[in-house]
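Chemist: Got a file for you: coords.cif, mmCIF, C-alpha atoms and all ligand atoms.
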data_target
loop_
_atom_site.label_atom_id
_atom_site.label_comp_id
_atom_site.auth_asym_id
_atom_site.auth_seq_id
_atom_site.Cartn_x
_atom_site.Cartn_y
_atom_site.Cartn_z
CA MET E 1 16.83 15.24 7.50
CA ALA E 2 19.19 18.19 7.81
CA ASP E 3 22.12 16.70 5.93
CA LEU E 4 20.36 15.57 2.78
CA SER E 5 21.99 16.73 -0.42
CA THR E 6 20.14 18.97 -2.85
CA LEU E 7 19.51 16.03 -5.17
CA GLU E 8 18.18 13.88 -2.36
CA ASN E 9 15.84 16.68 -1.41
CA ILE E 10 14.59 17.07 -4.96
CA ALA E 11 13.95 13.32 -5.14
CA ARG E 12 12.03 13.51 -1.88
CA TYR E 13 9.79 16.32 -3.15
CA GLN E 14 9.27 14.55 -6.48
CA ALA E 15 8.16 11.42 -4.65
CA ALA E 16 5.83 13.50 -2.46
CA SER E 17 4.28 15.12 -5.51
CA GLN E 18 3.65 11.73 -7.13
CA LEU E 19 2.21 10.29 -3.92
CA ILE E 20 -0.07 13.31 -3.54
CA SER E 21 -1.15 13.04 -7.18
CA GLY E 22 -2.20 9.50 -6.24
CA ARG E 23 -4.20 11.00 -3.33
CA LEU E 24 -2.20 9.23 -0.64
CA ARG E 25 -3.24 10.68 2.73
CA LEU E 26 -0.85 13.41 3.82
CA SER E 27 0.24 11.87 7.11
CA LEU E 28 1.26 8.78 5.13
CA VAL E 29 3.15 10.94 2.61
CA GLN E 30 4.84 12.61 5.58
CA SER E 31 5.93 9.30 7.07
CA LEU E 32 7.31 8.09 3.72
CA THR E 33 9.14 11.29 2.73
CA GLY E 34 9.98 12.98 6.03
CA ILE E 35 8.63 16.28 4.66
CA SER E 36 6.60 18.25 7.19
CA ILE E 37 2.85 18.56 6.82
CA ARG E 38 2.63 22.27 5.92
CA PRO E 39 4.45 22.12 2.54
CA LEU E 40 2.64 18.87 1.81
CA ARG E 41 -0.72 20.59 2.35
CA ALA E 42 0.31 23.39 0.01
CA MET E 43 1.39 20.83 -2.59
CA TRP E 44 -1.96 19.01 -2.31
CA GLU E 45 -3.89 22.22 -2.88
CA GLU E 46 -1.77 23.10 -5.88
CA ILE E 47 -2.19 19.63 -7.42
CA HIS E 48 -5.86 19.02 -6.69
CA GLY E 49 -7.24 22.56 -6.40
CA GLU E 50 -8.82 21.71 -3.05
CA GLY E 51 -7.79 21.11 0.54
CA ALA E 52 -6.57 17.69 1.66
CA SER E 53 -8.86 15.50 3.76
CA SER E 54 -8.02 15.64 7.43
CA GLY E 55 -10.40 12.91 8.54
CA LYS E 56 -9.40 9.79 10.43
CA LEU E 57 -7.01 7.41 8.73
CA PRO E 58 -8.25 3.91 7.81
CA HIS E 59 -7.48 1.20 10.39
CA GLY E 60 -5.58 -0.91 7.91
CA VAL E 61 -5.89 -3.00 4.80
CA LEU E 62 -8.93 -4.90 6.09
CA SER E 63 -11.02 -1.71 5.91
CA PHE E 64 -10.46 -1.73 2.14
CA MET E 65 -11.69 -5.33 1.75
CA VAL E 66 -15.13 -4.36 0.54
CA ASN E 67 -15.63 -6.90 -2.24
CA GLN E 68 -14.02 -9.84 -4.04
CA THR E 69 -12.18 -7.56 -6.47
CA ALA E 70 -10.52 -5.74 -3.56
CA ALA E 71 -9.59 -9.03 -1.86
CA VAL E 72 -7.87 -10.28 -5.03
CA GLY E 73 -6.37 -6.89 -5.89
CA LEU E 74 -4.86 -6.15 -2.49
CA SER E 75 -3.41 -9.65 -2.07
CA THR E 76 -1.89 -9.28 -5.54
CA PHE E 77 -0.52 -5.84 -4.68
CA ALA E 78 1.10 -7.14 -1.47
CA SER E 79 2.71 -10.05 -3.35
CA MET E 80 4.01 -7.69 -6.03
CA TYR E 81 5.40 -5.30 -3.42
CA LEU E 82 7.27 -8.06 -1.59
CA ARG E 83 8.66 -9.43 -4.82
CA GLN E 84 9.74 -6.09 -6.29
CA ASN E 85 11.28 -4.63 -3.17
CA HIS E 86 13.15 -7.61 -1.83
CA SER E 87 16.80 -6.84 -1.28
CA GLY E 88 19.05 -8.84 1.02
CA GLY E 89 16.15 -10.49 2.80
CA LYS E 90 14.70 -7.21 4.04
CA VAL E 91 11.69 -5.39 2.66
CA ALA E 92 10.92 -1.83 3.70
CA LEU E 93 7.99 0.39 2.88
CA THR E 94 9.44 3.29 0.88
CA ALA E 95 8.01 6.01 -1.34
CA LYS E 96 9.99 4.69 -4.30
CA GLY E 97 8.90 1.10 -3.70
CA LEU E 98 5.26 2.06 -3.27
CA LEU E 99 5.19 4.20 -6.41
CA GLY E 100 6.99 1.50 -8.41
CA THR E 101 4.61 -1.28 -7.41
CA TRP E 102 1.56 0.97 -7.79
CA GLY E 103 2.62 1.87 -11.33
CA ALA E 104 3.24 -1.75 -12.28
CA TYR E 105 0.01 -2.90 -10.66
CA GLN E 106 -2.13 -0.36 -12.48
CA LYS E 107 -0.50 -1.19 -15.78
CA PHE E 108 -1.52 -4.84 -15.52
CA CYS E 109 -4.50 -4.92 -13.18
CA GLY E 110 -6.28 -1.56 -13.47
CA PRO E 111 -6.92 1.33 -11.07
CA LEU E 112 -6.15 0.95 -7.36
CA ASP E 113 -6.55 3.36 -4.43
CA LEU E 114 -2.96 4.15 -3.43
CA ASN E 115 -4.01 4.28 0.23
CA ALA E 116 -5.26 0.70 -0.02
CA GLY E 117 -1.96 -0.32 -1.61
CA TYR E 118 -0.02 1.41 1.16
CA TYR E 119 -1.88 -0.50 3.86
CA ALA E 120 -1.70 -3.81 1.99
CA ALA E 121 2.10 -3.57 1.83
CA GLN E 122 2.48 -2.19 5.34
CA ASP E 123 0.17 -4.64 7.08
CA VAL E 124 1.60 -7.69 5.33
CA MET E 125 5.20 -6.64 6.04
CA GLY E 126 4.43 -5.69 9.63
CA ASP E 127 2.56 -8.96 10.26
CA THR E 128 -0.58 -7.02 11.19
CA VAL E 129 -2.47 -9.42 8.94
CA SER E 130 -1.72 -13.04 8.03
CA PHE E 131 -0.44 -13.66 4.52
CA PRO E 132 -0.47 -17.44 4.15
CA LYS E 133 0.17 -19.47 1.05
CA CYS E 134 -3.00 -21.09 -0.24
CA GLY E 135 -2.95 -24.88 -0.05
CA GLY E 136 -5.03 -25.05 -3.22
CA CYS E 137 -3.45 -22.69 -5.75
CA GLY E 138 -0.18 -21.81 -4.00
CA VAL E 139 -0.69 -18.03 -4.07
CA HIS E 140 -0.29 -15.90 -0.94
CA PHE E 141 -3.36 -13.99 0.18
CA ILE E 142 -4.44 -11.61 2.95
CA TYR E 143 -6.23 -13.80 5.47
CA ASP E 144 -8.61 -12.75 8.21
CA ARG E 145 -11.29 -14.94 9.69
CA GLY E 146 -13.53 -11.94 10.38
CA SER E 147 -14.93 -11.63 6.87
CA THR E 148 -16.06 -14.08 4.22
CA LEU E 149 -14.01 -12.05 1.72
CA THR E 150 -10.77 -12.85 3.54
CA SER E 151 -11.51 -16.16 5.30
CA ARG E 152 -10.84 -18.11 2.10
CA CYS E 153 -8.44 -17.77 -0.82
CA PRO E 154 -9.81 -15.03 -3.12
CA TYR E 155 -8.19 -16.66 -6.15
CA CYS E 156 -9.46 -20.25 -5.94
CA GLY E 157 -11.97 -20.09 -3.06
CA LEU E 158 -10.30 -22.72 -0.87
CA ALA E 159 -10.92 -22.21 2.84
CA PRO E 160 -7.80 -22.89 4.90
CA THR E 161 -7.95 -25.66 7.47
CA LYS E 162 -5.17 -24.44 9.75
CA TYR E 163 -3.89 -20.91 10.08
CA LYS E 164 -2.75 -18.95 13.05
ZN ZN L 201 -6.06 -20.48 -3.66
#
Can you turn what I pasted into structure tokens?
Modeler:
Amino acid sequence: MADLSTLENIARYQAASQLISGRLRLSLVQSLTGISIRPLRAMWEEIHGEGASSGKLPHGVLSFMVNQTAAVGLSTFASMYLRQNHSGGKVALTAKGLLGTWGAYQKFCGPLDLNAGYYAAQDVMGDTVSFPKCGGCGVHFIYDRGSTLTSRCPYCGLAPTKYK
């Protein structure tokens, strides 16, 4: 990161401050911005008036699937992320992309844990979870056979007959 211009650096710190305001876990902020953990910790304390959590990170988006609202919300967030950050066939997880989709999501759908949004986008893009298109309503959703919340389409309730 040594040869970033001053403006690029300012943009990086601005993104970090917005991500921290959204309470995104610091190691995730670090991976998105490339800023080391010490200044990020200081920023967290300044913004929230308390130390950042240093507990274990969630395993992935499935750990946020606690109810029907989360199943619908996180599938919607992943779809929005893919749609908004598609350029030339490639989608990357970036601070700018995450903040943009999070802002749009909350405007239309209500509050969402930014950490949950991060994992929804990351896991769907990295193929850690299946994201099939529902045969009933045609919407993509986060599928996992391990839970009744994710083993059927959260929008229309159709259970898939064949998925990997
Ligand atoms: Zn459906």
Chemist: Taking all atoms listed in the file into account, produce a table as CSV in which each residue of chain E with an atom at most 10 Å from an atom of ligand ZN 201 (chain L) appears once, together with its shortest atom pair and the distance in Å to one decimal, ordered by chain and rising number.
Modeler:
residue,atom,partner,partner_atom,distance
E:Lys133,CA,L:ZN201,ZN,7.9
E:Cys134,CA,L:ZN201,ZN,4.6
E:Gly135,CA,L:ZN201,ZN,6.5
E:Gly136,CA,L:ZN201,ZN,4.7
E:Cys137,CA,L:ZN201,ZN,4.0
E:Gly138,CA,L:ZN201,ZN,6.0
E:Val139,CA,L:ZN201,ZN,5.9
E:His140,CA,L:ZN201,ZN,7.9
E:Phe141,CA,L:ZN201,ZN,8.0
E:Arg152,CA,L:ZN201,ZN,7.9
E:Cys153,CA,L:ZN201,ZN,4.6
E:Pro154,CA,L:ZN201,ZN,6.6
E:Tyr155,CA,L:ZN201,ZN,5.0
E:Cys156,CA,L:ZN201,ZN,4.1
E:Gly157,CA,L:ZN201,ZN,6.0
E:Leu158,CA,L:ZN201,ZN,5.5
E:Ala159,CA,L:ZN201,ZN,8.3
E:Pro160,CA,L:ZN201,ZN,9.1
Chemist: For the selection just defined, write its residues with C-alpha atoms to a file, as a tab-separated table (two decimals), in the coordinates of the input.
Modeler:
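The resulting result.tsv:
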chain	number	residue	atom	x	y	z
E	133	LYS	CA	0.17	-19.47	1.05
E	134	CYS	CA	-3.00	-21.09	-0.24
E	135	GLY	CA	-2.95	-24.88	-0.05
E	136	GLY	CA	-5.03	-25.05	-3.22
E	137	CYS	CA	-3.45	-22.69	-5.75
E	138	GLY	CA	-0.18	-21.81	-4.00
E	139	VAL	CA	-0.69	-18.03	-4.07
E	140	HIS	CA	-0.29	-15.90	-0.94
E	141	PHE	CA	-3.36	-13.99	0.18
E	152	ARG	CA	-10.84	-18.11	2.10
E	153	CYS	CA	-8.44	-17.77	-0.82
E	154	PRO	CA	-9.81	-15.03	-3.12
E	155	TYR	CA	-8.19	-16.66	-6.15
E	156	CYS	CA	-9.46	-20.25	-5.94
E	157	GLY	CA	-11.97	-20.09	-3.06
E	158	LEU	CA	-10.30	-22.72	-0.87
E	159	ALA	CA	-10.92	-22.21	2.84
E	160	PRO	CA	-7.80	-22.89	4.90
Chemist: Determine, counting all atoms listed in the file, which protein, DNA and RNA residues have an atom within 12 Å of an atom of range 57-63 of chain E; residues of the same chain fewer than 6 positions away are not included. Present the result as a ChimeraX atom specification.
Modeler: /E:24-28,70-71,73-75,77-78,113-131,142-151
Chemist: Based on the selection just made, write C-alpha atoms of those residues as a PDB file, in the frame of the given file.
Modeler:
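Below is the file that was written, part.pdb:
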ATOM      1  CA  LEU E  24      -2.200   9.230  -0.640  1.00  0.00           C
ATOM      2  CA  ARG E  25      -3.240  10.680   2.730  1.00  0.00           C
ATOM      3  CA  LEU E  26      -0.850  13.410   3.820  1.00  0.00           C
ATOM      4  CA  SER E  27       0.240  11.870   7.110  1.00  0.00           C
ATOM      5  CA  LEU E  28       1.260   8.780   5.130  1.00  0.00           C
ATOM      6  CA  ALA E  70     -10.520  -5.740  -3.560  1.00  0.00           C
ATOM      7  CA  ALA E  71      -9.590  -9.030  -1.860  1.00  0.00           C
ATOM      8  CA  GLY E  73      -6.370  -6.890  -5.890  1.00  0.00           C
ATOM      9  CA  LEU E  74      -4.860  -6.150  -2.490  1.00  0.00           C
ATOM     10  CA  SER E  75      -3.410  -9.650  -2.070  1.00  0.00           C
ATOM     11  CA  PHE E  77      -0.520  -5.840  -4.680  1.00  0.00           C
ATOM     12  CA  ALA E  78       1.100  -7.140  -1.470  1.00  0.00           C
ATOM     13  CA  ASP E 113      -6.550   3.360  -4.430  1.00  0.00           C
ATOM     14  CA  LEU E 114      -2.960   4.150  -3.430  1.00  0.00           C
ATOM     15  CA  ASN E 115      -4.010   4.280   0.230  1.00  0.00           C
ATOM     16  CA  ALA E 116      -5.260   0.700  -0.020  1.00  0.00           C
ATOM     17  CA  GLY E 117      -1.960  -0.320  -1.610  1.00  0.00           C
ATOM     18  CA  TYR E 118      -0.020   1.410   1.160  1.00  0.00           C
ATOM     19  CA  TYR E 119      -1.880  -0.500   3.860  1.00  0.00           C
ATOM     20  CA  ALA E 120      -1.700  -3.810   1.990  1.00  0.00           C
ATOM     21  CA  ALA E 121       2.100  -3.570   1.830  1.00  0.00           C
ATOM     22  CA  GLN E 122       2.480  -2.190   5.340  1.00  0.00           C
ATOM     23  CA  ASP E 123       0.170  -4.640   7.080  1.00  0.00           C
ATOM     24  CA  VAL E 124       1.600  -7.690   5.330  1.00  0.00           C
ATOM     25  CA  MET E 125       5.200  -6.640   6.040  1.00  0.00           C
ATOM     26  CA  GLY E 126       4.430  -5.690   9.630  1.00  0.00           C
ATOM     27  CA  ASP E 127       2.560  -8.960  10.260  1.00  0.00           C
ATOM     28  CA  THR E 128      -0.580  -7.020  11.190  1.00  0.00           C
ATOM     29  CA  VAL E 129      -2.470  -9.420   8.940  1.00  0.00           C
ATOM     30  CA  SER E 130      -1.720 -13.040   8.030  1.00  0.00           C
ATOM     31  CA  PHE E 131      -0.440 -13.660   4.520  1.00  0.00           C
ATOM     32  CA  ILE E 142      -4.440 -11.610   2.950  1.00  0.00           C
ATOM     33  CA  TYR E 143      -6.230 -13.800   5.470  1.00  0.00           C
ATOM     34  CA  ASP E 144      -8.610 -12.750   8.210  1.00  0.00           C
ATOM     35  CA  ARG E 145     -11.290 -14.940   9.690  1.00  0.00           C
ATOM     36  CA  GLY E 146     -13.530 -11.940  10.380  1.00  0.00           C
ATOM     37  CA  SER E 147     -14.930 -11.630   6.870  1.00  0.00           C
ATOM     38  CA  THR E 148     -16.060 -14.080   4.220  1.00  0.00           C
ATOM     39  CA  LEU E 149     -14.010 -12.050   1.720  1.00  0.00           C
ATOM     40  CA  THR E 150     -10.770 -12.850   3.540  1.00  0.00           C
ATOM     41  CA  SER E 151     -11.510 -16.160   5.300  1.00  0.00           C
TER      42      SER E 151
END
Chemist: Which distance in Å separates CA of Tyr13 in chain E and CA of Pro39 in chain E, to one decimal?
Modeler: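 Atom-to-atom, CA of Tyr13 in chain E to CA of Pro39 in chain E, that is 9.7 Å.
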Chemist: As an exercise, work out the distance from CA of Trp102 in chain E to CA of Gln14 in chain E in Å and give it to one decimal place.
Modeler: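 Straight-line distance from CA of Trp102 in chain E to CA of Gln14 in chain E works out to 15.7 Å.
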Chemist: What does the structure give for the distance between CA of Met80 in chain E and CA of Thr101 in chain E, in Å to one decimal?
Modeler: 6.6 Å
Chemist: Name the closest residue to Ile35 in chain E among the candidates E:Leu82, E:Ala92, E:Leu4, E:Leu99; distances are taken between atoms, counting all atoms listed in the file.
Modeler: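 Once distances to Ile35 in chain E are computed over all atoms listed in the file, the minimum belongs to E:Leu4.
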Chemist: Since the input lacks atoms, please generate N, CA and C atoms for range 66-90 of chain E and provide them as a PDB file, in the coordinates of the input.
Modeler:
ATOM      1  N   VAL E  66     -13.687  -4.589   0.637  1.00  0.00           N
ATOM      2  CA  VAL E  66     -15.130  -4.360   0.540  1.00  0.00           C
ATOM      3  C   VAL E  66     -15.809  -5.317  -0.436  1.00  0.00           C
ATOM      4  N   ASN E  67     -15.054  -5.941  -1.298  1.00  0.00           N
ATOM      5  CA  ASN E  67     -15.630  -6.900  -2.240  1.00  0.00           C
ATOM      6  C   ASN E  67     -14.532  -7.857  -2.740  1.00  0.00           C
ATOM      7  N   GLN E  68     -14.938  -8.804  -3.552  1.00  0.00           N
ATOM      8  CA  GLN E  68     -14.020  -9.840  -4.040  1.00  0.00           C
ATOM      9  C   GLN E  68     -12.870  -9.234  -4.855  1.00  0.00           C
ATOM     10  N   THR E  69     -13.198  -8.210  -5.639  1.00  0.00           N
ATOM     11  CA  THR E  69     -12.180  -7.560  -6.470  1.00  0.00           C
ATOM     12  C   THR E  69     -11.084  -6.953  -5.585  1.00  0.00           C
ATOM     13  N   ALA E  70     -11.493  -6.329  -4.476  1.00  0.00           N
ATOM     14  CA  ALA E  70     -10.520  -5.740  -3.560  1.00  0.00           C
ATOM     15  C   ALA E  70      -9.680  -6.823  -2.899  1.00  0.00           C
ATOM     16  N   ALA E  71     -10.316  -7.943  -2.525  1.00  0.00           N
ATOM     17  CA  ALA E  71      -9.590  -9.030  -1.860  1.00  0.00           C
ATOM     18  C   ALA E  71      -8.504  -9.597  -2.787  1.00  0.00           C
ATOM     19  N   VAL E  72      -8.858  -9.791  -4.048  1.00  0.00           N
ATOM     20  CA  VAL E  72      -7.870 -10.280  -5.030  1.00  0.00           C
ATOM     21  C   VAL E  72      -6.814  -9.209  -5.280  1.00  0.00           C
ATOM     22  N   GLY E  73      -7.278  -7.974  -5.515  1.00  0.00           N
ATOM     23  CA  GLY E  73      -6.370  -6.890  -5.890  1.00  0.00           C
ATOM     24  C   GLY E  73      -5.343  -6.591  -4.808  1.00  0.00           C
ATOM     25  N   LEU E  74      -5.784  -6.542  -3.555  1.00  0.00           N
ATOM     26  CA  LEU E  74      -4.860  -6.150  -2.490  1.00  0.00           C
ATOM     27  C   LEU E  74      -3.892  -7.282  -2.139  1.00  0.00           C
ATOM     28  N   SER E  75      -4.343  -8.528  -2.264  1.00  0.00           N
ATOM     29  CA  SER E  75      -3.410  -9.650  -2.070  1.00  0.00           C
ATOM     30  C   SER E  75      -2.362  -9.641  -3.183  1.00  0.00           C
ATOM     31  N   THR E  76      -2.815  -9.350  -4.402  1.00  0.00           N
ATOM     32  CA  THR E  76      -1.890  -9.280  -5.540  1.00  0.00           C
ATOM     33  C   THR E  76      -0.897  -8.144  -5.342  1.00  0.00           C
ATOM     34  N   PHE E  77      -1.395  -6.990  -4.891  1.00  0.00           N
ATOM     35  CA  PHE E  77      -0.520  -5.840  -4.680  1.00  0.00           C
ATOM     36  C   PHE E  77       0.559  -6.165  -3.633  1.00  0.00           C
ATOM     37  N   ALA E  78       0.142  -6.802  -2.535  1.00  0.00           N
ATOM     38  CA  ALA E  78       1.100  -7.140  -1.470  1.00  0.00           C
ATOM     39  C   ALA E  78       2.170  -8.100  -1.995  1.00  0.00           C
ATOM     40  N   SER E  79       1.745  -9.102  -2.781  1.00  0.00           N
ATOM     41  CA  SER E  79       2.710 -10.050  -3.350  1.00  0.00           C
ATOM     42  C   SER E  79       3.691  -9.334  -4.270  1.00  0.00           C
ATOM     43  N   MET E  80       3.149  -8.437  -5.109  1.00  0.00           N
ATOM     44  CA  MET E  80       4.010  -7.690  -6.030  1.00  0.00           C
ATOM     45  C   MET E  80       4.994  -6.823  -5.264  1.00  0.00           C
ATOM     46  N   TYR E  81       4.514  -6.175  -4.192  1.00  0.00           N
ATOM     47  CA  TYR E  81       5.400  -5.300  -3.420  1.00  0.00           C
ATOM     48  C   TYR E  81       6.567  -6.096  -2.831  1.00  0.00           C
ATOM     49  N   LEU E  82       6.237  -7.241  -2.222  1.00  0.00           N
ATOM     50  CA  LEU E  82       7.270  -8.060  -1.590  1.00  0.00           C
ATOM     51  C   LEU E  82       8.289  -8.524  -2.630  1.00  0.00           C
ATOM     52  N   ARG E  83       7.789  -8.909  -3.785  1.00  0.00           N
ATOM     53  CA  ARG E  83       8.660  -9.430  -4.820  1.00  0.00           C
ATOM     54  C   ARG E  83       9.567  -8.336  -5.399  1.00  0.00           C
ATOM     55  N   GLN E  84       8.983  -7.165  -5.630  1.00  0.00           N
ATOM     56  CA  GLN E  84       9.740  -6.090  -6.290  1.00  0.00           C
ATOM     57  C   GLN E  84      10.696  -5.359  -5.375  1.00  0.00           C
ATOM     58  N   ASN E  85      10.459  -5.444  -4.066  1.00  0.00           N
ATOM     59  CA  ASN E  85      11.280  -4.630  -3.170  1.00  0.00           C
ATOM     60  C   ASN E  85      12.116  -5.470  -2.218  1.00  0.00           C
ATOM     61  N   HIS E  86      12.373  -6.700  -2.625  1.00  0.00           N
ATOM     62  CA  HIS E  86      13.150  -7.610  -1.830  1.00  0.00           C
ATOM     63  C   HIS E  86      14.636  -7.372  -2.085  1.00  0.00           C
ATOM     64  N   SER E  87      15.352  -6.951  -1.066  1.00  0.00           N
ATOM     65  CA  SER E  87      16.800  -6.840  -1.280  1.00  0.00           C
ATOM     66  C   SER E  87      17.507  -7.281  -0.008  1.00  0.00           C
ATOM     67  N   GLY E  88      18.305  -8.319  -0.132  1.00  0.00           N
ATOM     68  CA  GLY E  88      19.050  -8.840   1.020  1.00  0.00           C
ATOM     69  C   GLY E  88      18.169  -9.342   2.144  1.00  0.00           C
ATOM     70  N   GLY E  89      17.018  -9.897   1.788  1.00  0.00           N
ATOM     71  CA  GLY E  89      16.150 -10.490   2.800  1.00  0.00           C
ATOM     72  C   GLY E  89      15.261  -9.496   3.523  1.00  0.00           C
ATOM     73  N   LYS E  90      15.500  -8.202   3.326  1.00  0.00           N
ATOM     74  CA  LYS E  90      14.700  -7.210   4.040  1.00  0.00           C
ATOM     75  C   LYS E  90      13.803  -6.461   3.061  1.00  0.00           C
TER      76      LYS E  90
END
